[in-house]
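What follows is query_38.cif (mmCIF, C-alpha atoms and all ligand atoms; chains and numbers go by the auth columns).
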```
data_target
#
loop_
_atom_site.group_PDB
_atom_site.id
_atom_site.type_symbol
_atom_site.label_atom_id
_atom_site.label_comp_id
_atom_site.label_asym_id
_atom_site.label_seq_id
_atom_site.Cartn_x
_atom_site.Cartn_y
_atom_site.Cartn_z
_atom_site.B_iso_or_equiv
_atom_site.auth_seq_id
_atom_site.auth_asym_id
ATOM 1 C CA MET A 1 0.000 0.000 0.000 0.00 1 A
ATOM 2 C CA LYS A 2 1.399 3.403 -0.969 0.00 2 A
ATOM 3 C CA ARG A 3 2.187 5.710 1.930 0.00 3 A
ATOM 4 C CA LEU A 4 0.811 9.236 1.522 0.00 4 A
ATOM 5 C CA ALA A 5 1.972 12.494 3.075 0.00 5 A
ATOM 6 C CA PHE A 6 -0.446 15.419 3.034 0.00 6 A
ATOM 7 C CA LEU A 7 1.133 18.872 2.903 0.00 7 A
ATOM 8 C CA VAL A 8 -1.180 21.567 4.217 0.00 8 A
ATOM 9 C CA SER A 9 -1.192 25.208 5.299 0.00 9 A
ATOM 10 C CA GLY A 10 -4.781 26.019 6.194 0.00 10 A
ATOM 11 C CA SER A 11 -8.213 24.650 6.802 0.00 11 A
ATOM 12 C CA GLY A 12 -7.559 21.120 5.560 0.00 12 A
ATOM 13 C CA THR A 13 -11.035 20.230 4.296 0.00 13 A
ATOM 14 C CA ASN A 14 -9.664 18.516 1.172 0.00 14 A
ATOM 15 C CA MET A 15 -7.171 16.609 3.281 0.00 15 A
ATOM 16 C CA ALA A 16 -9.924 15.507 5.689 0.00 16 A
ATOM 17 C CA HIS A 17 -12.176 14.315 2.850 0.00 17 A
ATOM 18 C CA LEU A 18 -9.322 12.326 1.346 0.00 18 A
ATOM 19 C CA ILE A 19 -8.373 10.770 4.676 0.00 19 A
ATOM 20 C CA ARG A 20 -11.995 9.761 5.296 0.00 20 A
ATOM 21 C CA LYS A 21 -12.121 8.128 1.849 0.00 21 A
ATOM 22 C CA ILE A 22 -8.938 6.231 2.662 0.00 22 A
ATOM 23 C CA GLN A 23 -10.220 5.166 6.063 0.00 23 A
ATOM 24 C CA ALA A 24 -13.497 4.016 4.496 0.00 24 A
ATOM 25 C CA GLY A 25 -11.537 1.849 2.067 0.00 25 A
ATOM 26 C CA ASP A 26 -12.673 3.842 -0.997 0.00 26 A
ATOM 27 C CA VAL A 27 -9.106 4.868 -1.788 0.00 27 A
ATOM 28 C CA SER A 28 -6.495 2.206 -1.374 0.00 28 A
ATOM 29 C CA ALA A 29 -3.543 3.914 0.329 0.00 29 A
ATOM 30 C CA GLU A 30 -2.177 4.706 3.748 0.00 30 A
ATOM 31 C CA ALA A 31 -2.549 8.208 5.215 0.00 31 A
ATOM 32 C CA ALA A 32 0.876 8.151 6.854 0.00 32 A
ATOM 33 C CA ILE A 33 1.401 11.764 7.895 0.00 33 A
ATOM 34 C CA VAL A 34 0.095 15.322 7.666 0.00 34 A
ATOM 35 C CA ILE A 35 2.745 18.029 7.533 0.00 35 A
ATOM 36 C CA SER A 36 1.891 21.702 7.962 0.00 36 A
ATOM 37 C CA ASN A 37 4.178 24.679 7.467 0.00 37 A
ATOM 38 C CA LYS A 38 1.909 26.610 9.858 0.00 38 A
ATOM 39 C CA PRO A 39 1.554 25.527 13.492 0.00 39 A
ATOM 40 C CA GLU A 40 -1.872 27.181 13.755 0.00 40 A
ATOM 41 C CA ALA A 41 -3.389 25.402 10.723 0.00 41 A
ATOM 42 C CA LYS A 42 -6.849 23.990 11.374 0.00 42 A
ATOM 43 C CA ALA A 43 -5.794 21.049 9.189 0.00 43 A
ATOM 44 C CA LEU A 44 -3.610 19.767 12.044 0.00 44 A
ATOM 45 C CA GLU A 45 -6.629 19.530 14.363 0.00 45 A
ATOM 46 C CA ARG A 46 -8.654 17.763 11.714 0.00 46 A
ATOM 47 C CA ALA A 47 -5.843 15.268 11.090 0.00 47 A
ATOM 48 C CA LYS A 48 -5.475 14.533 14.791 0.00 48 A
ATOM 49 C CA GLU A 49 -9.229 13.943 15.090 0.00 49 A
ATOM 50 C CA LEU A 50 -8.899 11.453 12.250 0.00 50 A
ATOM 51 C CA GLY A 51 -6.038 9.728 14.040 0.00 51 A
ATOM 52 C CA VAL A 52 -3.335 10.649 11.546 0.00 52 A
ATOM 53 C CA LEU A 53 0.183 11.563 12.637 0.00 53 A
ATOM 54 C CA THR A 54 0.902 15.292 12.334 0.00 54 A
ATOM 55 C CA LEU A 55 4.064 17.300 12.101 0.00 55 A
ATOM 56 C CA VAL A 56 4.864 21.003 11.815 0.00 56 A
ATOM 57 C CA VAL A 57 7.759 22.041 9.612 0.00 57 A
ATOM 58 C CA SER A 58 7.599 25.802 9.827 0.00 58 A
ATOM 59 C CA HIS A 59 9.028 27.757 6.911 0.00 59 A
ATOM 60 C CA LYS A 60 9.882 30.455 9.477 0.00 60 A
ATOM 61 C CA ASP A 61 12.454 28.136 11.073 0.00 61 A
ATOM 62 C CA HIS A 62 14.399 27.901 7.824 0.00 62 A
ATOM 63 C CA ALA A 63 16.423 30.694 6.288 0.00 63 A
ATOM 64 C CA THR A 64 15.914 29.661 2.669 0.00 64 A
ATOM 65 C CA ARG A 65 13.345 27.799 0.602 0.00 65 A
ATOM 66 C CA GLU A 66 16.016 25.167 -0.066 0.00 66 A
ATOM 67 C CA ALA A 67 16.544 24.611 3.670 0.00 67 A
ATOM 68 C CA PHE A 68 12.793 24.361 4.261 0.00 68 A
ATOM 69 C CA ASP A 69 12.361 21.854 1.437 0.00 69 A
ATOM 70 C CA ALA A 70 15.351 19.844 2.705 0.00 70 A
ATOM 71 C CA ALA A 71 13.646 19.601 6.116 0.00 71 A
ATOM 72 C CA LEU A 72 10.448 18.465 4.410 0.00 72 A
ATOM 73 C CA ALA A 73 12.380 15.864 2.432 0.00 73 A
ATOM 74 C CA ARG A 74 14.002 14.507 5.598 0.00 74 A
ATOM 75 C CA CYS A 75 10.537 13.949 7.111 0.00 75 A
ATOM 76 C CA LEU A 76 9.271 12.309 3.954 0.00 76 A
ATOM 77 C CA GLU A 77 12.260 9.944 3.856 0.00 77 A
ATOM 78 C CA LEU A 78 11.960 9.137 7.550 0.00 78 A
ATOM 79 C CA HIS A 79 8.317 8.196 7.103 0.00 79 A
ATOM 80 C CA LYS A 80 8.970 6.300 3.858 0.00 80 A
ATOM 81 C CA ILE A 81 6.497 8.354 1.852 0.00 81 A
ATOM 82 C CA ASP A 82 5.609 7.238 -1.671 0.00 82 A
ATOM 83 C CA LEU A 83 3.253 10.016 -2.734 0.00 83 A
ATOM 84 C CA ILE A 84 2.903 13.662 -1.659 0.00 84 A
ATOM 85 C CA VAL A 85 -0.581 15.166 -1.698 0.00 85 A
ATOM 86 C CA LEU A 86 -0.697 18.957 -1.567 0.00 86 A
ATOM 87 C CA ALA A 87 -4.008 20.091 -0.100 0.00 87 A
ATOM 88 C CA GLY A 88 -4.088 23.835 0.363 0.00 88 A
ATOM 89 C CA PHE A 89 -0.295 23.929 0.800 0.00 89 A
ATOM 90 C CA MET A 90 0.575 27.540 0.077 0.00 90 A
ATOM 91 C CA ARG A 91 4.335 27.288 -0.468 0.00 91 A
ATOM 92 C CA VAL A 92 6.058 27.008 -3.822 0.00 92 A
ATOM 93 C CA LEU A 93 8.393 24.006 -3.767 0.00 93 A
ATOM 94 C CA THR A 94 11.950 24.361 -5.054 0.00 94 A
ATOM 95 C CA GLU A 95 13.094 22.833 -8.322 0.00 95 A
ATOM 96 C CA GLY A 96 15.369 20.432 -6.428 0.00 96 A
ATOM 97 C CA PHE A 97 12.487 19.121 -4.347 0.00 97 A
ATOM 98 C CA VAL A 98 10.120 18.812 -7.314 0.00 98 A
ATOM 99 C CA LYS A 99 12.723 16.922 -9.352 0.00 99 A
ATOM 100 C CA ARG A 100 13.544 14.603 -6.464 0.00 100 A
ATOM 101 C CA TYR A 101 9.875 13.629 -6.125 0.00 101 A
ATOM 102 C CA TRP A 102 9.013 13.929 -9.802 0.00 102 A
ATOM 103 C CA GLY A 103 5.659 12.358 -10.643 0.00 103 A
ATOM 104 C CA ARG A 104 4.947 11.792 -6.978 0.00 104 A
ATOM 105 C CA ILE A 105 3.503 15.201 -6.016 0.00 105 A
ATOM 106 C CA LEU A 106 -0.153 16.044 -6.653 0.00 106 A
ATOM 107 C CA ASN A 107 -1.931 19.349 -6.182 0.00 107 A
ATOM 108 C CA ILE A 108 -5.501 20.555 -6.293 0.00 108 A
ATOM 109 C CA HIS A 109 -6.317 23.992 -7.605 0.00 109 A
ATOM 110 C CA PRO A 110 -9.714 25.749 -7.495 0.00 110 A
ATOM 111 C CA ALA A 111 -9.867 26.868 -11.133 0.00 111 A
ATOM 112 C CA LEU A 112 -9.710 25.464 -14.639 0.00 112 A
ATOM 113 C CA LEU A 113 -5.968 25.699 -15.154 0.00 113 A
ATOM 114 C CA PRO A 114 -4.219 27.247 -17.000 0.00 114 A
ATOM 115 C CA ALA A 115 -6.777 29.930 -16.088 0.00 115 A
ATOM 116 C CA PHE A 116 -6.317 31.663 -12.737 0.00 116 A
ATOM 117 C CA PRO A 117 -3.181 30.086 -11.261 0.00 117 A
ATOM 118 C CA GLY A 118 -1.948 31.297 -7.875 0.00 118 A
ATOM 119 C CA ALA A 119 -3.385 31.750 -4.424 0.00 119 A
ATOM 120 C CA HIS A 120 -6.700 33.562 -5.125 0.00 120 A
ATOM 121 C CA ALA A 121 -8.183 31.609 -7.998 0.00 121 A
ATOM 122 C CA ILE A 122 -11.866 31.635 -7.050 0.00 122 A
ATOM 123 C CA LYS A 123 -11.911 35.364 -6.318 0.00 123 A
ATOM 124 C CA GLU A 124 -10.024 36.124 -9.532 0.00 124 A
ATOM 125 C CA ALA A 125 -12.434 34.032 -11.598 0.00 125 A
ATOM 126 C CA TRP A 126 -15.331 35.795 -9.879 0.00 126 A
ATOM 127 C CA ASP A 127 -13.856 39.245 -10.526 0.00 127 A
ATOM 128 C CA ALA A 128 -13.254 38.313 -14.167 0.00 128 A
ATOM 129 C CA LYS A 129 -17.013 37.539 -14.459 0.00 129 A
ATOM 130 C CA VAL A 130 -16.407 34.187 -16.161 0.00 130 A
ATOM 131 C CA GLN A 131 -19.439 32.020 -16.876 0.00 131 A
ATOM 132 C CA GLU A 132 -17.699 28.917 -15.686 0.00 132 A
ATOM 133 C CA THR A 133 -14.736 28.048 -13.565 0.00 133 A
ATOM 134 C CA GLY A 134 -13.774 24.721 -12.036 0.00 134 A
ATOM 135 C CA VAL A 135 -11.299 22.493 -10.310 0.00 135 A
ATOM 136 C CA THR A 136 -8.023 20.965 -11.477 0.00 136 A
ATOM 137 C CA VAL A 137 -5.887 18.193 -10.016 0.00 137 A
ATOM 138 C CA HIS A 138 -2.404 18.078 -11.508 0.00 138 A
ATOM 139 C CA PHE A 139 1.104 16.748 -11.049 0.00 139 A
ATOM 140 C CA VAL A 140 3.439 19.365 -9.630 0.00 140 A
ATOM 141 C CA ASP A 141 6.227 20.536 -11.899 0.00 141 A
ATOM 142 C CA CYS A 142 8.717 23.384 -11.472 0.00 142 A
ATOM 143 C CA GLY A 143 6.198 26.123 -12.325 0.00 143 A
ATOM 144 C CA VAL A 144 3.296 27.471 -10.294 0.00 144 A
ATOM 145 C CA ASP A 145 0.149 25.434 -11.038 0.00 145 A
ATOM 146 C CA THR A 146 1.538 24.343 -14.404 0.00 146 A
ATOM 147 C CA GLY A 147 2.065 20.565 -14.153 0.00 147 A
ATOM 148 C CA LYS A 148 0.340 17.883 -16.211 0.00 148 A
ATOM 149 C CA ILE A 149 -3.396 17.843 -15.594 0.00 149 A
ATOM 150 C CA ILE A 150 -4.825 14.634 -14.170 0.00 150 A
ATOM 151 C CA LEU A 151 -8.468 15.623 -13.884 0.00 151 A
ATOM 152 C CA GLN A 152 -10.536 18.755 -14.370 0.00 152 A
ATOM 153 C CA ARG A 153 -14.163 19.489 -13.676 0.00 153 A
ATOM 154 C CA LYS A 154 -16.167 22.546 -14.636 0.00 154 A
ATOM 155 C CA VAL A 155 -18.263 24.543 -12.200 0.00 155 A
ATOM 156 C CA PRO A 156 -20.769 26.975 -13.750 0.00 156 A
ATOM 157 C CA VAL A 157 -21.103 30.449 -12.290 0.00 157 A
ATOM 158 C CA LEU A 158 -24.849 30.877 -11.775 0.00 158 A
ATOM 159 C CA PRO A 159 -26.723 34.192 -12.138 0.00 159 A
ATOM 160 C CA GLN A 160 -27.765 34.071 -8.481 0.00 160 A
ATOM 161 C CA ASP A 161 -24.228 33.297 -7.240 0.00 161 A
ATOM 162 C CA THR A 162 -22.292 35.404 -4.779 0.00 162 A
ATOM 163 C CA LEU A 163 -18.571 34.863 -4.317 0.00 163 A
ATOM 164 C CA GLU A 164 -19.415 32.851 -1.185 0.00 164 A
ATOM 165 C CA THR A 165 -21.904 30.499 -2.861 0.00 165 A
ATOM 166 C CA LEU A 166 -19.473 29.966 -5.721 0.00 166 A
ATOM 167 C CA GLU A 167 -16.708 29.119 -3.250 0.00 167 A
ATOM 168 C CA VAL A 168 -18.921 26.554 -1.541 0.00 168 A
ATOM 169 C CA ARG A 169 -19.735 24.861 -4.876 0.00 169 A
ATOM 170 C CA VAL A 170 -16.110 24.855 -6.023 0.00 170 A
ATOM 171 C CA HIS A 171 -15.026 23.249 -2.753 0.00 171 A
ATOM 172 C CA GLY A 172 -17.812 20.663 -3.053 0.00 172 A
ATOM 173 C CA VAL A 173 -16.480 19.673 -6.462 0.00 173 A
ATOM 174 C CA GLU A 174 -12.932 19.518 -5.093 0.00 174 A
ATOM 175 C CA TYR A 175 -14.035 16.908 -2.559 0.00 175 A
ATOM 176 C CA GLU A 176 -15.312 14.723 -5.432 0.00 176 A
ATOM 177 C CA VAL A 177 -12.480 15.269 -7.866 0.00 177 A
ATOM 178 C CA TYR A 178 -9.408 14.837 -5.640 0.00 178 A
ATOM 179 C CA PRO A 179 -10.203 11.265 -4.554 0.00 179 A
ATOM 180 C CA GLU A 180 -10.922 10.310 -8.170 0.00 180 A
ATOM 181 C CA ALA A 181 -7.651 11.784 -9.390 0.00 181 A
ATOM 182 C CA LEU A 182 -5.728 10.175 -6.558 0.00 182 A
ATOM 183 C CA LYS A 183 -7.204 6.784 -7.463 0.00 183 A
ATOM 184 C CA GLN A 184 -6.090 7.219 -11.058 0.00 184 A
ATOM 185 C CA VAL A 185 -2.528 7.939 -9.967 0.00 185 A
ATOM 186 C CA LEU A 186 -2.447 5.119 -7.400 0.00 186 A
ATOM 187 C CA SER A 187 -3.664 2.642 -10.024 0.00 187 A
ATOM 188 C CA GLY A 188 -0.887 3.728 -12.394 0.00 188 A
ATOM 189 C CA LYS A 189 -3.493 4.762 -14.991 0.00 189 A
ATOM 190 C CA VAL A 190 -2.046 8.276 -15.094 0.00 190 A
ATOM 191 C CA THR A 191 1.630 9.141 -14.805 0.00 191 A
ATOM 192 C CA ALA A 192 3.671 12.322 -15.063 0.00 192 A
ATOM 193 C CA PRO A 193 5.589 13.054 -18.260 0.00 193 A
ATOM 194 C CA PRO A 194 9.291 12.112 -18.123 0.00 194 A
ATOM 195 C CA LEU A 195 11.491 14.583 -16.291 0.00 195 A
ATOM 196 C CA LYS A 196 13.581 16.601 -18.748 0.00 196 A
ATOM 197 C CA GLY A 197 17.062 17.865 -17.985 0.00 197 A
HETATM 198 C C1 LIG B . -8.565 24.612 -1.803 0.00 201 A
HETATM 199 O O1 LIG B . -9.612 25.277 -2.441 0.00 201 A
HETATM 200 C C2 LIG B . -7.414 24.377 -2.752 0.00 201 A
HETATM 201 O O2 LIG B . -7.833 24.103 -4.059 0.00 201 A
HETATM 202 C C3 LIG B . -6.716 25.706 -2.689 0.00 201 A
HETATM 203 O O3 LIG B . -6.725 26.035 -1.323 0.00 201 A
HETATM 204 C C4 LIG B . -7.913 25.521 -0.750 0.00 201 A
HETATM 205 C C5 LIG B . -7.550 24.785 0.505 0.00 201 A
HETATM 206 O O4 LIG B . -8.695 24.443 1.228 0.00 201 A
HETATM 207 N N1 LIG B . -5.395 25.637 -3.226 0.00 201 A
HETATM 208 C C6 LIG B . -4.850 26.594 -3.981 0.00 201 A
HETATM 209 O O5 LIG B . -5.385 27.648 -4.215 0.00 201 A
HETATM 210 C C7 LIG B . -3.460 26.262 -4.491 0.00 201 A
HETATM 211 N N2 LIG B . -3.037 27.199 -5.475 0.00 201 A
HETATM 212 P P1 LIG B . -8.613 23.285 2.314 0.00 201 A
HETATM 213 O O6 LIG B . -7.393 23.602 3.181 0.00 201 A
HETATM 214 O O7 LIG B . -9.878 23.416 3.100 0.00 201 A
HETATM 215 O O8 LIG B . -8.481 21.987 1.593 0.00 201 A
#
```

Please go through the file and, once you have read it, give me the structure as structure tokens.
Ligand code: GAR
Amino acid sequence: MKRLAFLVSGSGTNMAHLIRKIQAGDVSAEAAIVISNKPEAKALERAKELGVLTLVVSHKDHATREAFDAALARCLELHKIDLIVLAGFMRVLTEGFVKRYWGRILNIHPALLPAFPGAHAIKEAWDAKVQETGVTVHFVDCGVDTGKIILQRKVPVLPQDTLETLEVRVHGVEYEVYPEALKQVLSGKVTAPPLKG
């Protein structure tokens, strides 16, 4: 069974949904550890309630991004992690880290990439008055929200929507799409493109 590490920074609702799917036997993997770069992240509480080991690796304790990523890598090696699941992890990983774990890092993004990359995708889509937005799960490469897409699902923006109702619907779709994408990767049905260079 593949051992998963969840990297989080915030609320952790995607992480919690995935862990529940794993614990229910719907996704065949082991939720080995949850690592947060923020000690105050709500995700840590949720993980503890679900009985999953938690760890804080604070970016503030490391002088450079390289040093932070090296600390992350040490934890991942120690816990024999096979696959890294980013779930609201708001740090950009270094090229060295991404290459080391090439094809073994997944991310979820609340927009139809390549549209609206970055940290404020739902708000930006809302401000742009698009008629539809969505959710993307992708492999992480050396860019920001640019890796090979595993699964995407559209979410229409309805005439009666407010930013808040749109956010709720986007998150609801995330909870459906991430487990599906994870299953596809775990089964070997989808793989990352070969690493160049
Ligand atoms: C999710 O909507 C996720 O797609 C987004 O952060 C939220 C985390 O919520 N990630 C990004 O915007 C990454 N660029 P959660 O902590 O409740 O899962």

For a test of reading the model, state the distance in Å between atom C5 of ligand LIG 201 (chain A) and CA of Ser11 in chain A, rounded to one decimal.
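It comes out at 6.3 Å.
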
Mind telling me what the PyMOL selection byres (((not hetatm)) within 8 of (chain A and resi 201)) catches here, as JSON, numbers by chain?
{"A": [8, 9, 10, 11, 12, 13, 14, 15, 16, 43, 87, 88, 89, 90, 107, 108, 109, 110, 111, 117, 118, 119, 120, 121, 135, 144, 145, 170, 171, 174]}

Residues matched by the PyMOL selection byres (((chain A and resi 68) around 12) and not hetatm), written as a ChimeraX atom specification
/A:36-37,56-67,69-75,91-94,96-97

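Of the listed residues (A:Val190, A:Leu4, A:Val155, A:Ile122), A:Val155 comes nearest to Gly172 in chain A; the distances count all atoms listed in the file.
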
Among listed residues A:Gly51, A:Pro179, A:Asp141, A:Gln160, nearest Gly25 in chain A (using all atoms listed in the file)
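That would be A:Pro179, the residue with the smallest distance to Gly25 in chain A.
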
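Residue nearest Phe6 in chain A, chosen from A:Leu55, A:Leu50, A:Leu86, A:Ile19 and counting all atoms listed in the file: A:Leu86.
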
Determine the residue membership of the PyMOL selection byres (((chain A and resi 27) around 10) and not hetatm) for the file above and supply it as a PyMOL selection string.
chain A and resi 18-26+28-30+179-180+182-183+186

Given only C-alpha atoms as the counted atoms, nearest of A:Ala5, A:Ile33, A:Val173, A:Val137 to Lys154 in chain A
A:Val173

Can you tell me, as a ChimeraX atom specification, what residues are no more than 6 Å from Leu106 in chain A when counting all atoms listed in the file, ignoring any on the same chain fewer than 2 positions away?
/A:85-86,138-140

Generate the output file for the selected residues, C-alpha atoms, as a PDB file, keeping the file's coordinate frame.
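Contents of part.pdb, as written:
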```pdb
ATOM      1  CA  VAL A  85      -0.581  15.166  -1.698  1.00  0.00           C
ATOM      2  CA  LEU A  86      -0.697  18.957  -1.567  1.00  0.00           C
ATOM      3  CA  HIS A 138      -2.404  18.078 -11.508  1.00  0.00           C
ATOM      4  CA  PHE A 139       1.104  16.748 -11.049  1.00  0.00           C
ATOM      5  CA  VAL A 140       3.439  19.365  -9.630  1.00  0.00           C
TER       6      VAL A 140
END
```

Straight-line distance linking CA of Gly103 in chain A with CA of Leu78 in chain A, stated in Å to one decimal
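We find that CA of Gly103 in chain A and CA of Leu78 in chain A lie 19.5 Å from each other.
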
Close residues, Lys196 in chain A itself excluded, 12 Å, all atoms listed in the file, min 5 positions apart in chain, as a list in words
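Answer for this query is Lys99, Trp102, Asp141 and Cys142 of chain A.
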